[in-house]
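Heads up, run29.cif below (mmCIF, C-alpha atoms and all ligand atoms):
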data_model
loop_
_atom_site.label_atom_id
_atom_site.label_comp_id
_atom_site.auth_asym_id
_atom_site.auth_seq_id
_atom_site.Cartn_x
_atom_site.Cartn_y
_atom_site.Cartn_z
CA MET A 1 -13.16 -15.86 11.58
CA LYS A 2 -12.34 -19.43 10.65
CA THR A 3 -10.81 -21.69 13.28
CA ASN A 4 -10.89 -25.29 12.04
CA SER A 5 -11.28 -27.35 8.88
CA ASP A 6 -15.09 -27.56 9.16
CA ASP A 7 -15.05 -23.78 8.61
CA LEU A 8 -13.39 -24.18 5.20
CA ALA A 9 -15.57 -23.27 2.24
CA ILE A 10 -14.16 -26.21 0.32
CA TYR A 11 -16.14 -28.47 2.71
CA GLY A 12 -19.31 -26.44 2.35
CA ALA A 13 -18.94 -23.57 4.84
CA ALA A 14 -19.56 -19.99 3.69
CA PRO A 15 -16.56 -18.42 1.94
CA ALA A 16 -14.40 -16.15 4.11
CA PHE A 17 -14.73 -13.29 1.64
CA HIS A 18 -17.89 -11.98 0.09
CA GLU A 19 -15.99 -10.08 -2.57
CA THR A 20 -13.22 -11.87 -4.40
CA LEU A 21 -9.66 -10.91 -3.50
CA HIS A 22 -7.40 -10.72 -6.55
CA VAL A 23 -3.67 -10.69 -7.10
CA GLY A 24 -2.76 -7.46 -8.88
CA ARG A 25 -5.69 -5.15 -8.18
CA PRO A 26 -4.54 -1.72 -9.40
CA ASN A 27 -3.05 0.90 -7.08
CA ILE A 28 -4.86 4.16 -7.78
CA GLY A 29 -3.59 7.64 -6.95
CA ASP A 30 -5.40 10.84 -6.02
CA ARG A 31 -8.71 11.12 -7.92
CA LYS A 32 -8.95 14.90 -7.68
CA ARG A 33 -5.57 15.36 -9.34
CA PHE A 34 -6.58 12.75 -11.91
CA TYR A 35 -9.79 14.59 -12.86
CA GLU A 36 -7.99 17.95 -12.96
CA ARG A 37 -5.48 16.58 -15.39
CA ILE A 38 -8.21 15.03 -17.54
CA ASP A 39 -9.89 18.44 -17.73
CA ASP A 40 -6.59 19.99 -18.77
CA MET A 41 -6.10 17.41 -21.46
CA LEU A 42 -9.63 17.84 -22.82
CA ASN A 43 -9.26 21.63 -22.84
CA ARG A 44 -6.06 21.30 -24.81
CA ARG A 45 -7.59 18.75 -27.22
CA TRP A 46 -4.23 17.04 -27.33
CA LEU A 47 -4.79 13.32 -26.75
CA SER A 48 -1.74 11.65 -28.25
CA ASN A 49 1.43 12.19 -30.35
CA ASN A 50 4.04 13.15 -27.76
CA GLY A 51 1.79 15.55 -25.87
CA PRO A 52 2.77 17.56 -22.78
CA TYR A 53 1.75 14.81 -20.33
CA VAL A 54 3.84 12.18 -22.12
CA GLN A 55 6.81 14.53 -22.14
CA GLU A 56 6.40 15.33 -18.46
CA PHE A 57 5.92 11.67 -17.60
CA GLU A 58 9.08 10.62 -19.46
CA GLN A 59 11.07 13.32 -17.72
CA ARG A 60 9.78 12.40 -14.24
CA VAL A 61 10.51 8.70 -14.73
CA ALA A 62 13.99 9.35 -16.14
CA GLU A 63 14.79 11.59 -13.14
CA MET A 64 13.44 9.09 -10.65
CA ILE A 65 15.49 6.26 -12.14
CA GLY A 66 18.58 8.30 -12.89
CA VAL A 67 18.70 7.30 -16.56
CA ARG A 68 19.30 9.51 -19.61
CA HIS A 69 16.25 8.39 -21.60
CA CYS A 70 12.80 7.10 -20.78
CA ILE A 71 10.64 6.44 -23.84
CA ALA A 72 7.00 5.90 -22.89
CA MET A 73 5.07 3.23 -24.78
CA CYS A 74 1.56 1.84 -25.16
CA ASN A 75 2.41 -1.33 -23.19
CA GLY A 76 5.31 -3.45 -21.95
CA THR A 77 5.06 -6.07 -24.68
CA ILE A 78 5.37 -3.58 -27.55
CA ALA A 79 8.19 -1.91 -25.60
CA LEU A 80 9.99 -5.28 -25.44
CA GLU A 81 9.42 -5.88 -29.15
CA ILE A 82 10.75 -2.46 -30.09
CA ALA A 83 13.75 -2.73 -27.75
CA ILE A 84 14.58 -6.15 -29.24
CA ARG A 85 14.33 -4.75 -32.77
CA ALA A 86 16.26 -1.57 -32.01
CA LEU A 87 19.07 -3.68 -30.53
CA GLU A 88 19.05 -5.72 -33.77
CA LEU A 89 18.66 -9.02 -31.99
CA LYS A 90 18.19 -11.97 -34.31
CA GLY A 91 18.85 -15.72 -34.49
CA GLU A 92 18.70 -16.87 -30.87
CA VAL A 93 18.25 -14.98 -27.63
CA ILE A 94 18.69 -16.53 -24.18
CA LEU A 95 16.07 -15.84 -21.51
CA PRO A 96 14.55 -17.61 -18.52
CA SER A 97 11.50 -19.83 -19.03
CA PHE A 98 10.28 -18.68 -15.61
CA THR A 99 8.76 -15.38 -16.75
CA PHE A 100 5.50 -14.02 -18.10
CA VAL A 101 5.00 -15.40 -21.61
CA ALA A 102 5.28 -11.92 -23.19
CA THR A 103 9.08 -12.01 -22.74
CA ALA A 104 9.27 -15.04 -25.05
CA HIS A 105 6.49 -13.88 -27.40
CA ALA A 106 8.25 -10.54 -28.00
CA LEU A 107 11.08 -12.57 -29.57
CA GLN A 108 9.03 -15.20 -31.38
CA TRP A 109 6.77 -12.48 -32.86
CA GLN A 110 9.88 -11.32 -34.77
CA GLU A 111 10.96 -14.86 -35.63
CA ILE A 112 13.80 -14.81 -33.16
CA THR A 113 14.24 -18.12 -31.33
CA PRO A 114 13.84 -17.87 -27.56
CA VAL A 115 16.35 -20.21 -25.89
CA PHE A 116 15.09 -21.03 -22.43
CA CYS A 117 17.54 -21.06 -19.59
CA ASP A 118 17.06 -22.42 -16.07
CA VAL A 119 16.70 -20.29 -12.95
CA ASP A 120 18.58 -20.22 -9.67
CA PRO A 121 16.07 -21.78 -7.25
CA ALA A 122 17.22 -19.41 -4.50
CA THR A 123 16.46 -16.22 -6.45
CA HIS A 124 13.92 -17.36 -9.10
CA THR A 125 15.93 -15.37 -11.69
CA ILE A 126 18.05 -16.62 -14.60
CA ASP A 127 21.03 -18.70 -13.49
CA PRO A 128 24.20 -17.19 -15.02
CA ALA A 129 25.97 -20.54 -14.65
CA CYS A 130 23.56 -22.05 -17.21
CA ILE A 131 23.78 -19.27 -19.79
CA GLU A 132 27.17 -20.00 -21.32
CA LYS A 133 26.16 -23.60 -22.13
CA MET A 134 23.33 -22.25 -24.27
CA ILE A 135 25.36 -19.82 -26.36
CA THR A 136 25.73 -20.85 -30.03
CA PRO A 137 27.07 -19.01 -33.11
CA ARG A 138 23.47 -17.78 -33.68
CA THR A 139 23.11 -16.19 -30.22
CA THR A 140 22.85 -12.39 -30.33
CA GLY A 141 21.58 -11.43 -26.89
CA ILE A 142 20.43 -12.19 -23.38
CA ILE A 143 17.24 -11.01 -21.70
CA GLY A 144 17.39 -11.03 -17.90
CA VAL A 145 14.09 -10.73 -16.03
CA HIS A 146 13.87 -9.07 -12.61
CA VAL A 147 11.26 -11.56 -11.40
CA TRP A 148 9.13 -10.25 -8.44
CA GLY A 149 11.14 -7.01 -8.65
CA ARG A 150 14.23 -8.77 -7.30
CA PRO A 151 17.12 -7.80 -9.57
CA CYS A 152 18.54 -10.71 -11.56
CA ALA A 153 22.30 -11.39 -11.46
CA ILE A 154 23.06 -8.18 -13.35
CA GLU A 155 26.85 -8.14 -12.88
CA ALA A 156 27.28 -11.78 -13.96
CA LEU A 157 25.07 -11.21 -17.00
CA GLU A 158 27.07 -8.10 -17.93
CA GLN A 159 30.24 -10.14 -17.73
CA ILE A 160 28.92 -12.94 -19.96
CA ALA A 161 27.43 -10.48 -22.46
CA GLY A 162 30.73 -8.57 -22.62
CA LYS A 163 32.82 -11.71 -23.07
CA HIS A 164 30.65 -13.08 -25.91
CA ARG A 165 29.76 -9.70 -27.45
CA LEU A 166 26.06 -10.16 -26.83
CA LYS A 167 23.43 -7.47 -26.32
CA LEU A 168 21.95 -7.34 -22.85
CA LEU A 169 18.32 -6.37 -22.30
CA PHE A 170 16.39 -6.51 -19.04
CA ASP A 171 12.69 -7.17 -18.70
CA ALA A 172 12.04 -4.91 -15.71
CA ALA A 173 8.24 -5.28 -15.88
CA HIS A 174 8.23 -6.08 -12.14
CA GLY A 175 11.10 -3.80 -11.23
CA PHE A 176 9.77 -0.26 -11.17
CA GLY A 177 10.90 1.45 -7.97
CA CYS A 178 13.50 -1.23 -7.15
CA SER A 179 17.26 -0.85 -6.91
CA ARG A 180 20.48 -2.86 -7.20
CA GLY A 181 23.51 -1.62 -5.28
CA GLY A 182 21.61 1.61 -4.63
CA ARG A 183 21.14 2.23 -8.36
CA MET A 184 17.57 2.08 -9.66
CA LEU A 185 16.59 -0.67 -12.08
CA GLY A 186 16.16 0.85 -15.52
CA SER A 187 19.76 1.98 -16.02
CA PHE A 188 21.44 -1.40 -16.53
CA GLY A 189 22.44 -3.27 -19.71
CA ASN A 190 21.80 -1.82 -23.16
CA ALA A 191 18.23 -1.05 -22.14
CA GLU A 192 15.52 -2.03 -19.67
CA VAL A 193 11.80 -2.41 -20.29
CA PHE A 194 9.02 -1.57 -17.83
CA SER A 195 5.36 -2.52 -17.90
CA PHE A 196 2.78 -0.16 -16.44
CA HIS A 197 -0.10 -2.59 -16.75
CA PRO A 198 -2.75 -2.28 -13.99
CA THR A 199 -1.58 -5.55 -12.40
CA LYS A 200 1.88 -4.08 -11.88
CA PHE A 201 2.98 -2.07 -8.86
CA PHE A 202 2.68 1.19 -10.75
CA ASN A 203 0.26 1.61 -13.65
CA THR A 204 -0.73 3.99 -16.44
CA GLY A 205 -3.91 2.10 -17.35
CA GLU A 206 -1.99 0.29 -20.06
CA GLY A 207 1.56 1.33 -20.71
CA GLY A 208 5.24 0.63 -20.63
CA ALA A 209 8.59 2.27 -21.23
CA ILE A 210 12.11 1.65 -22.41
CA ALA A 211 14.88 3.15 -20.29
CA THR A 212 18.43 3.50 -21.63
CA ASN A 213 21.59 5.55 -21.29
CA ASP A 214 22.43 5.04 -24.97
CA ASP A 215 21.59 8.22 -26.94
CA ALA A 216 21.68 6.60 -30.39
CA LEU A 217 19.53 3.70 -29.25
CA ALA A 218 17.00 6.08 -27.69
CA GLN A 219 16.72 8.03 -30.92
CA LYS A 220 16.16 4.85 -32.91
CA ILE A 221 13.47 3.69 -30.46
CA ARG A 222 11.70 7.05 -30.75
CA LEU A 223 11.57 6.66 -34.53
CA MET A 224 10.37 3.08 -34.32
CA LYS A 225 7.53 3.77 -31.91
CA ASN A 226 6.19 6.58 -34.14
CA PHE A 227 6.01 5.03 -37.67
CA GLY A 228 9.57 6.18 -38.42
CA PHE A 229 8.56 9.86 -38.52
CA SER A 230 11.61 12.07 -38.12
CA GLY A 231 9.64 14.72 -36.24
CA LYS A 232 9.36 16.99 -39.23
CA HIS A 233 6.06 16.86 -41.11
CA ASP A 234 5.58 13.88 -43.43
CA ASP A 235 9.23 12.88 -43.18
CA VAL A 236 9.51 9.12 -42.73
CA ILE A 237 13.12 7.99 -42.46
CA TYR A 238 12.80 4.51 -40.97
CA VAL A 239 10.46 1.52 -40.71
CA GLY A 240 8.31 1.85 -37.62
CA THR A 241 5.17 0.88 -35.83
CA ASN A 242 2.79 2.59 -33.41
CA GLY A 243 4.02 2.17 -29.85
CA LYS A 244 3.01 5.58 -28.54
CA MET A 245 1.66 6.19 -25.06
CA SER A 246 -1.55 8.25 -24.97
CA GLU A 247 -1.99 11.43 -22.94
CA LEU A 248 -4.64 9.68 -20.86
CA SER A 249 -2.15 7.00 -19.87
CA ALA A 250 0.58 9.55 -19.18
CA LEU A 251 -1.62 11.64 -16.89
CA THR A 252 -2.71 8.48 -15.09
CA GLY A 253 0.98 7.73 -14.63
CA LEU A 254 1.84 11.23 -13.43
CA THR A 255 -0.97 11.04 -10.88
CA ASN A 256 -0.01 7.56 -9.67
CA LEU A 257 3.66 8.56 -9.47
CA GLU A 258 2.70 11.09 -6.80
CA SER A 259 1.43 8.24 -4.59
CA ILE A 260 4.27 5.81 -5.12
CA ALA A 261 5.70 6.17 -1.61
CA GLN A 262 2.27 5.36 -0.16
CA PHE A 263 1.83 2.30 -2.43
CA ILE A 264 5.21 0.99 -1.32
CA ALA A 265 4.40 1.61 2.35
CA VAL A 266 1.12 -0.35 2.03
CA ASN A 267 2.78 -3.21 0.13
CA CYS A 268 5.58 -3.34 2.68
CA GLU A 269 3.15 -3.44 5.61
CA ASN A 270 1.13 -6.18 3.85
CA TYR A 271 4.27 -8.17 3.23
CA GLU A 272 5.33 -7.87 6.89
CA THR A 273 1.89 -9.01 8.06
CA TYR A 274 2.02 -12.05 5.81
CA ARG A 275 5.50 -12.77 7.13
CA GLU A 276 4.43 -12.58 10.77
CA GLU A 277 1.23 -14.55 10.28
CA LEU A 278 2.89 -17.35 8.32
CA ALA A 279 6.03 -17.52 10.47
CA GLY A 280 6.98 -20.97 11.65
CA LEU A 281 4.67 -22.85 9.30
CA PRO A 282 6.70 -25.89 8.23
CA GLY A 283 7.06 -26.37 4.48
CA ILE A 284 5.92 -22.84 3.64
CA SER A 285 8.42 -20.14 2.81
CA LEU A 286 7.76 -16.56 1.83
CA ILE A 287 10.22 -15.03 -0.65
CA SER A 288 12.46 -12.41 0.89
CA TYR A 289 13.51 -8.98 -0.29
CA ASP A 290 16.88 -7.31 0.25
CA GLN A 291 16.27 -4.72 3.01
CA GLN A 292 19.35 -2.76 1.87
CA GLU A 293 17.75 -2.00 -1.48
CA LYS A 294 14.72 -0.06 -2.66
CA CYS A 295 11.90 -2.46 -3.29
CA ASN A 296 8.20 -2.26 -4.29
CA TYR A 297 7.07 -5.40 -2.37
CA GLN A 298 4.47 -6.01 -5.08
CA TYR A 299 4.63 -9.80 -4.92
CA VAL A 300 3.82 -11.96 -1.94
CA VAL A 301 5.06 -15.32 -3.19
CA LEU A 302 5.01 -18.53 -1.20
CA GLU A 303 6.96 -21.67 -1.95
CA ILE A 304 5.21 -24.82 -0.82
CA ASP A 305 7.15 -27.96 -0.07
CA GLU A 306 4.56 -30.69 -0.39
CA GLN A 307 6.88 -33.26 1.22
CA VAL A 308 6.62 -31.27 4.45
CA THR A 309 3.14 -29.77 4.28
CA GLY A 310 1.41 -32.92 3.02
CA ILE A 311 -0.72 -30.63 0.91
CA GLY A 312 0.33 -29.56 -2.56
CA ARG A 313 0.36 -26.07 -4.04
CA ASP A 314 -2.59 -26.81 -6.33
CA ARG A 315 -4.71 -28.10 -3.44
CA LEU A 316 -3.95 -24.97 -1.46
CA VAL A 317 -4.95 -22.83 -4.46
CA GLU A 318 -8.31 -24.64 -4.58
CA ILE A 319 -8.90 -24.19 -0.86
CA LEU A 320 -8.16 -20.47 -1.16
CA ARG A 321 -10.31 -20.08 -4.27
CA ALA A 322 -13.27 -21.61 -2.46
CA GLU A 323 -12.84 -18.79 0.08
CA ASN A 324 -12.84 -16.23 -2.79
CA VAL A 325 -9.10 -15.66 -2.52
CA LEU A 326 -7.83 -15.90 -6.10
CA ALA A 327 -4.25 -16.94 -5.43
CA ARG A 328 -2.23 -17.31 -8.64
CA ARG A 329 0.35 -19.86 -9.75
CA TYR A 330 2.69 -17.43 -11.56
CA PHE A 331 4.53 -18.54 -13.77
CA TYR A 332 3.02 -21.97 -14.15
CA PRO A 333 3.80 -24.02 -16.21
CA GLY A 334 6.81 -22.06 -17.56
CA CYS A 335 7.06 -20.61 -21.07
CA HIS A 336 8.69 -23.78 -22.41
CA ARG A 337 5.46 -25.69 -21.69
CA MET A 338 3.29 -23.19 -23.57
CA GLU A 339 2.59 -23.09 -27.29
CA PRO A 340 4.28 -22.71 -29.66
CA TYR A 341 7.41 -23.36 -27.60
CA ARG A 342 6.21 -26.69 -26.26
CA SER A 343 5.84 -28.00 -29.84
CA TYR A 344 9.09 -26.48 -31.05
CA PHE A 345 11.14 -27.76 -28.11
CA PRO A 346 9.32 -30.74 -26.59
CA ASN A 347 12.35 -31.73 -24.53
CA ALA A 348 13.27 -28.27 -23.23
CA GLY A 349 12.25 -29.29 -19.72
CA LEU A 350 15.23 -31.66 -19.49
CA LEU A 351 17.51 -28.63 -19.30
CA LEU A 352 15.23 -26.76 -16.89
CA PRO A 353 14.98 -28.89 -13.74
CA HIS A 354 14.79 -25.93 -11.33
CA THR A 355 12.12 -24.20 -13.43
CA GLU A 356 10.06 -27.40 -13.63
CA ARG A 357 10.20 -27.80 -9.85
CA LEU A 358 9.62 -24.12 -9.04
CA THR A 359 6.50 -23.83 -11.21
CA THR A 360 4.85 -26.56 -9.12
CA ARG A 361 5.71 -24.87 -5.81
CA VAL A 362 4.98 -21.14 -6.13
CA LEU A 363 1.85 -19.30 -5.16
CA SER A 364 1.15 -15.54 -5.35
CA LEU A 365 -1.19 -14.00 -2.77
CA PRO A 366 -3.28 -10.81 -2.95
CA THR A 367 -1.64 -7.58 -1.79
CA GLY A 368 -1.67 -3.88 -2.70
CA THR A 369 -3.94 -1.07 -1.61
CA ALA A 370 -7.11 -3.12 -2.27
CA VAL A 371 -6.31 -5.63 0.54
CA SER A 372 -6.65 -4.86 4.26
CA GLN A 373 -4.54 -6.09 7.17
CA GLU A 374 -7.56 -8.02 8.47
CA ASP A 375 -8.00 -9.67 5.04
CA ILE A 376 -4.40 -10.80 5.20
CA ARG A 377 -4.77 -12.23 8.71
CA GLU A 378 -7.81 -14.21 7.56
CA ILE A 379 -5.98 -15.51 4.47
CA CYS A 380 -3.14 -16.67 6.70
CA ARG A 381 -5.59 -18.35 9.12
CA ILE A 382 -7.06 -20.26 6.18
CA ILE A 383 -3.58 -21.38 5.12
CA ARG A 384 -2.82 -22.49 8.69
CA ILE A 385 -6.08 -24.46 8.89
CA ALA A 386 -5.43 -26.03 5.48
CA LEU A 387 -1.99 -27.15 6.61
CA SER A 388 -3.06 -28.44 10.00
CA GLN A 389 -5.50 -30.99 8.64
CA ARG A 390 -5.18 -34.62 9.64
CA PRO A 391 -4.36 -37.19 6.92
CA GLU A 392 -7.99 -38.45 6.76
CA GLU A 393 -9.09 -34.90 6.03
CA TYR A 394 -6.75 -34.80 3.08
CA ASP A 395 -8.56 -37.92 1.86
CA ARG A 396 -11.86 -36.08 2.17
CA LEU A 397 -10.39 -33.20 0.20
CA ASN A 398 -8.82 -35.43 -2.42
CA GLY A 399 -12.14 -37.21 -2.85
CA SER A 400 -14.08 -34.01 -3.46
CA LEU A 401 -11.40 -32.59 -5.73
CA ALA A 402 -11.23 -35.77 -7.81
CA VAL A 403 -14.82 -35.17 -8.86
CA ALA A 404 -14.08 -31.84 -10.42
CA SER A 405 -10.41 -31.75 -11.26
CA GLN A 406 -8.97 -32.62 -14.65
CA ALA A 407 -5.53 -34.14 -15.15
CA GLY A 408 -3.35 -31.86 -13.04
CA ASP A 409 -4.78 -28.58 -14.25
CA PRO A 410 -7.63 -27.43 -12.02
CA PRO A 411 -10.43 -25.66 -13.91
CA GLN A 412 -11.30 -22.08 -12.95
CA HIS A 413 -14.76 -23.00 -11.70
CA LEU A 414 -15.44 -26.08 -9.66
CA PRO A 415 -19.19 -26.64 -9.51
CA VAL A 416 -18.77 -28.92 -6.52
CA PHE A 417 -17.68 -25.95 -4.38
CA MET A 418 -20.32 -23.51 -5.48
CA LYS A 419 -22.70 -22.18 -2.87
CA GLY A 420 -26.44 -21.83 -3.40
C1 LIG A 501 3.46 -7.82 -17.43
C2 LIG A 501 4.71 -8.36 -18.00
C3 LIG A 501 5.07 -8.12 -19.34
C4 LIG A 501 4.14 -7.49 -20.34
O1 LIG A 501 3.77 -6.20 -20.07
P1 LIG A 501 2.37 -5.62 -20.66
O2 LIG A 501 2.42 -4.18 -20.27
O3 LIG A 501 1.26 -6.36 -19.98
O4 LIG A 501 2.38 -5.82 -22.13
C5 LIG A 501 6.31 -8.59 -19.77
N1 LIG A 501 7.13 -9.24 -18.95
C6 LIG A 501 6.81 -9.52 -17.66
C7 LIG A 501 7.80 -10.24 -16.81
C8 LIG A 501 5.58 -9.10 -17.15
O5 LIG A 501 5.26 -9.41 -15.89
#

Please render this file's structure as structure tokens.
Ligand SMILES: *Cc1c(COP(=O)(O)O)cnc(C)c1O
Amino acid sequence: MKTNSDDLAIYGAAPAFHETLHVGRPNIGDRKRFYERIDDMLNRRWLSNNGPYVQEFEQRVAEMIGVRHCIAMCNGTIALEIAIRALELKGEVILPSFTFVATAHALQWQEITPVFCDVDPATHTIDPACIEKMITPRTTGIIGVHVWGRPCAIEALEQIAGKHRLKLLFDAAHGFGCSRGGRMLGSFGNAEVFSFHPTKFFNTGEGGAIATNDDALAQKIRLMKNFGFSGKHDDVIYVGTNGKMSELSALTGLTNLESIAQFIAVNCENYETYREELAGLPGISLISYDQQEKCNYQYVVLEIDEQVTGIGRDRLVEILRAENVLARRYFYPGCHRMEPYRSYFPNAGLLLPHTERLTTRVLSLPTGTAVSQEDIREICRIIRIALSQRPEEYDRLNGSLAVASQAGDPPQHLPVFMKG
């Protein structure tokens, strides 16, 4: 147990954790059920092409969400691309810059221009007040992202989309198991897209899905994800790609679905422990979740106000990394500062002041079933020690960091902190 700054690994002490703690270690369901289902699948020799596990998985998810159609896919990015294409988006589409880069890439991949919109600093989701200013005659749609599983301003987005006759898609990659007004995410807008990547709250190994209440759209998506095959032999009636989910992924999903309540309970307990242990620390705030809604508590995100803490977010990340706690800076530096967007729109940041500020303040901490309560208490002790340092200790830290750090973007491995 670490008690003062001499105990910090960044100054040469042993790291708090022998094994590295990661953000987004997968939640894994019952192994026995998993192996039983694998046996079943192998006995059937049916590994893909809308097999019984995919069908069962789609049905279970649709029931859980309360949506007419769930179309399972090979991953969230392909699901986004297909949803975008099925909705016939073109020209320009408005989305937040504060999201995982796949949201923007899914547009750019199809030569649709992503138009980056600022976020509301209180919610970290797209600010509806900024959207209308970005609409042009070329705009065809809006993509809202439920960042951290907190629903974006769905009603306001619906209103704007209705008024300007725009399509409305939601990137619900973080939002599985979360609700808005008691209604599960997945049933809003023209369609919603989930990711079931292992880093997400619920996983299928790799995977994703499109959820929609629109029958015609669902049919079109089913054609597109299966080469345009009509379902009859050799009958191609549409241009398509291969977005199919495999049976192995679907059975992983079915098995993990059975443990969802337990995953949520663990995440919720972890979140509460972080909240208690970090309570009252000036300049540090933990994002909150609406207790009235269903929520997966998958993200433990801190906002660090360097003016108050005296220590910046990036310094805190380095201190934690030295202890083998791989805190992440999601979504630094914002899509608009990544290629090719940075070259296409070098001045985009001028319209994104809240995004620019937020990306320098946020920090995601490890949670999920792979992290124990005692781990969390130790992480919080490290944060407290880091924040309680005297100004001359910051100088010591700045001195040692200056040796290794490159212009603002700390490298993954800092030789100066490595232990023999
Ligand atoms: C993970 C993620 C995606 C991409 O999903 P994959 O299944 O990894 O392709 C898209 N958008 C957001 C917001 C994500 O977090």

Of the candidates A:Val145, A:Ala9, A:Ile65, A:Ala14, which one gets nearest to ligand LIG 501 (chain A) if we count all atoms listed in the file?
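Ranked by minimum distance to ligand LIG 501 (chain A), first place goes to A:Val145.
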
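If you look at CA of Lys133 in chain A and CA of Ser343 in chain A, they are 22.2 Å away from each other.
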
Measuring atom to atom with only C-alpha atoms and all ligand atoms, identify which of A:Glu272, A:Glu92, A:Glu81, A:Asp234 is nearest to ligand LIG 501 (chain A).
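Checking each of A:Glu272, A:Glu92, A:Glu81, A:Asp234 against ligand LIG 501 (chain A), counting only C-alpha atoms and all ligand atoms, the winner is A:Glu81.
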
Enumerate, in order of chain and increasing residue number, the residues of chain A with an atom no farther than 10 Å from ligand LIG 501 (chain A), each with its shortest atom pair and distance in Å to one decimal, counting all atoms listed in the file, as CSV.
residue,atom,partner,partner_atom,distance
A:Met73,CA,A:LIG501,O2,9.1
A:Cys74,CA,A:LIG501,O2,7.8
A:Asn75,CA,A:LIG501,O2,4.1
A:Gly76,CA,A:LIG501,O2,3.4
A:Thr77,CA,A:LIG501,O4,3.7
A:Ile78,CA,A:LIG501,O4,6.6
A:Ala79,CA,A:LIG501,O4,7.8
A:Leu80,CA,A:LIG501,C5,7.5
A:Glu81,CA,A:LIG501,O4,9.9
A:Phe98,CA,A:LIG501,C7,8.9
A:Thr99,CA,A:LIG501,C7,5.2
A:Phe100,CA,A:LIG501,C7,4.6
A:Val101,CA,A:LIG501,N1,7.0
A:Ala102,CA,A:LIG501,C5,4.9
A:Thr103,CA,A:LIG501,N1,5.1
A:Ala104,CA,A:LIG501,N1,8.7
A:His105,CA,A:LIG501,C5,9.3
A:Ala106,CA,A:LIG501,C5,8.7
A:Gly144,CA,A:LIG501,C7,9.7
A:Val145,CA,A:LIG501,C7,6.4
A:His146,CA,A:LIG501,C7,7.5
A:Val147,CA,A:LIG501,C7,6.6
A:Trp148,CA,A:LIG501,O5,8.4
A:Gly149,CA,A:LIG501,C7,9.4
A:Phe170,CA,A:LIG501,C7,9.6
A:Asp171,CA,A:LIG501,N1,5.9
A:Ala172,CA,A:LIG501,C7,6.9
A:Ala173,CA,A:LIG501,C6,4.8
A:His174,CA,A:LIG501,O5,5.8
A:Gly175,CA,A:LIG501,C7,9.1
A:Val193,CA,A:LIG501,C5,8.3
A:Phe194,CA,A:LIG501,O1,7.3
A:Ser195,CA,A:LIG501,O2,4.1
A:Phe196,CA,A:LIG501,O2,5.6
A:His197,CA,A:LIG501,O2,4.6
A:Pro198,CA,A:LIG501,O3,8.3
A:Thr199,CA,A:LIG501,C1,7.5
A:Lys200,CA,A:LIG501,C1,6.9
A:Asn203,CA,A:LIG501,O2,9.1
A:Thr204,CA,A:LIG501,O2,9.6
A:Gly205,CA,A:LIG501,O2,9.4
A:Glu206,CA,A:LIG501,O2,6.3
A:Gly207,CA,A:LIG501,O2,5.6
A:Gly208,CA,A:LIG501,O2,5.6
A:Ala209,CA,A:LIG501,O2,9.0
A:Tyr330,CA,A:LIG501,O5,9.5
A:Phe331,CA,A:LIG501,O5,9.4

Between A:Cys117, A:Ile376, A:Val239, A:Met184, single out the one closest to Arg222 in chain A, counting only C-alpha atoms.
A:Val239

Please measure the separation of CA of Asp40 in chain A and CA of Glu58 in chain A, giving the value in Å to one decimal.
18.3 Å

Could you check how far CA of Cys268 in chain A sits from CA of Glu374 in chain A, in Å to one decimal?
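Between CA of Cys268 in chain A and CA of Glu374 in chain A the gap is 15.1 Å.
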
Could you give me, as JSON, numbers by chain, the residues within 9 Å of Leu248 in chain A, counting only C-alpha atoms and dropping anything in the same chain fewer than 5 positions from it?
{"A": [37, 38, 41, 47, 48, 53, 54, 204, 205, 253]}

Find the residues near Ala386 in chain A: any atom within 9 Å, counting only C-alpha atoms, skip ones fewer than 5 places away on the same chain, and give them as a VMD selection string.
chain A and resid 4 to 5 8 311 316 319 381

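Counting all atoms listed in the file, range 15-17 of chain A has the following residues at most 7 Å away, ignoring those fewer than 2 positions along the same chain: Ala9, Ala13, Glu19, Thr20, Ala322, Glu323 and Asn324 of chain A.
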
Give me the residues near His164 in chain A as JSON, numbers by chain, where near means some atom within 12 Å (using all atoms listed in the file) and where sequence neighbours in that chain fewer than 4 positions away do not count.
{"A": [131, 132, 134, 135, 136, 137, 138, 139, 140, 141, 142, 157, 158, 159, 160, 168]}

All residues 8 Å or closer to Ile382 in chain A, all atoms listed in the file, same chain fewer than 2 positions away omitted, as a PyMOL selection string:
chain A and resi 2+8+320+378-380+384-386

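Residue nearest Glu247 in chain A within the list A:Glu88, A:Asp235, A:Asp39, A:Asp30: A:Asp39 [criterion: smallest interatomic distance, all atoms listed in the file].
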
Smallest atom-to-atom distance to Ala348 in chain A: which of A:Glu36, A:Asp7, A:Asp118, A:Glu306, using all atoms listed in the file?
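Ranking A:Glu36, A:Asp7, A:Asp118, A:Glu306 by distance to Ala348 in chain A, first place goes to A:Asp118.
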
Under the rule that all atoms listed in the file are counted, which of A:Ile112, A:Ala191, A:Ala216, A:Met245 is the nearest residue to Pro52 in chain A?
A:Met245

(8.4, -26.5, -14.9) in this file's frame - what residues fall within 10 Å of it? Use all atoms listed in the file and give the answer as a ChimeraX atom specification.
/A:97-98,118,331-337,348-350,352-361

Using 6 Å of padding on each side, determine the axis-aligned box around all atoms of range 43-53 of chain A present in the file and give its centre and edge lengths in Å to one decimal, as lines of an AutoDock Vina configuration file.
center_x = -2.6
center_y = 16.6
center_z = -25.3
size_x = 25.3
size_y = 22.0
size_z = 22.0
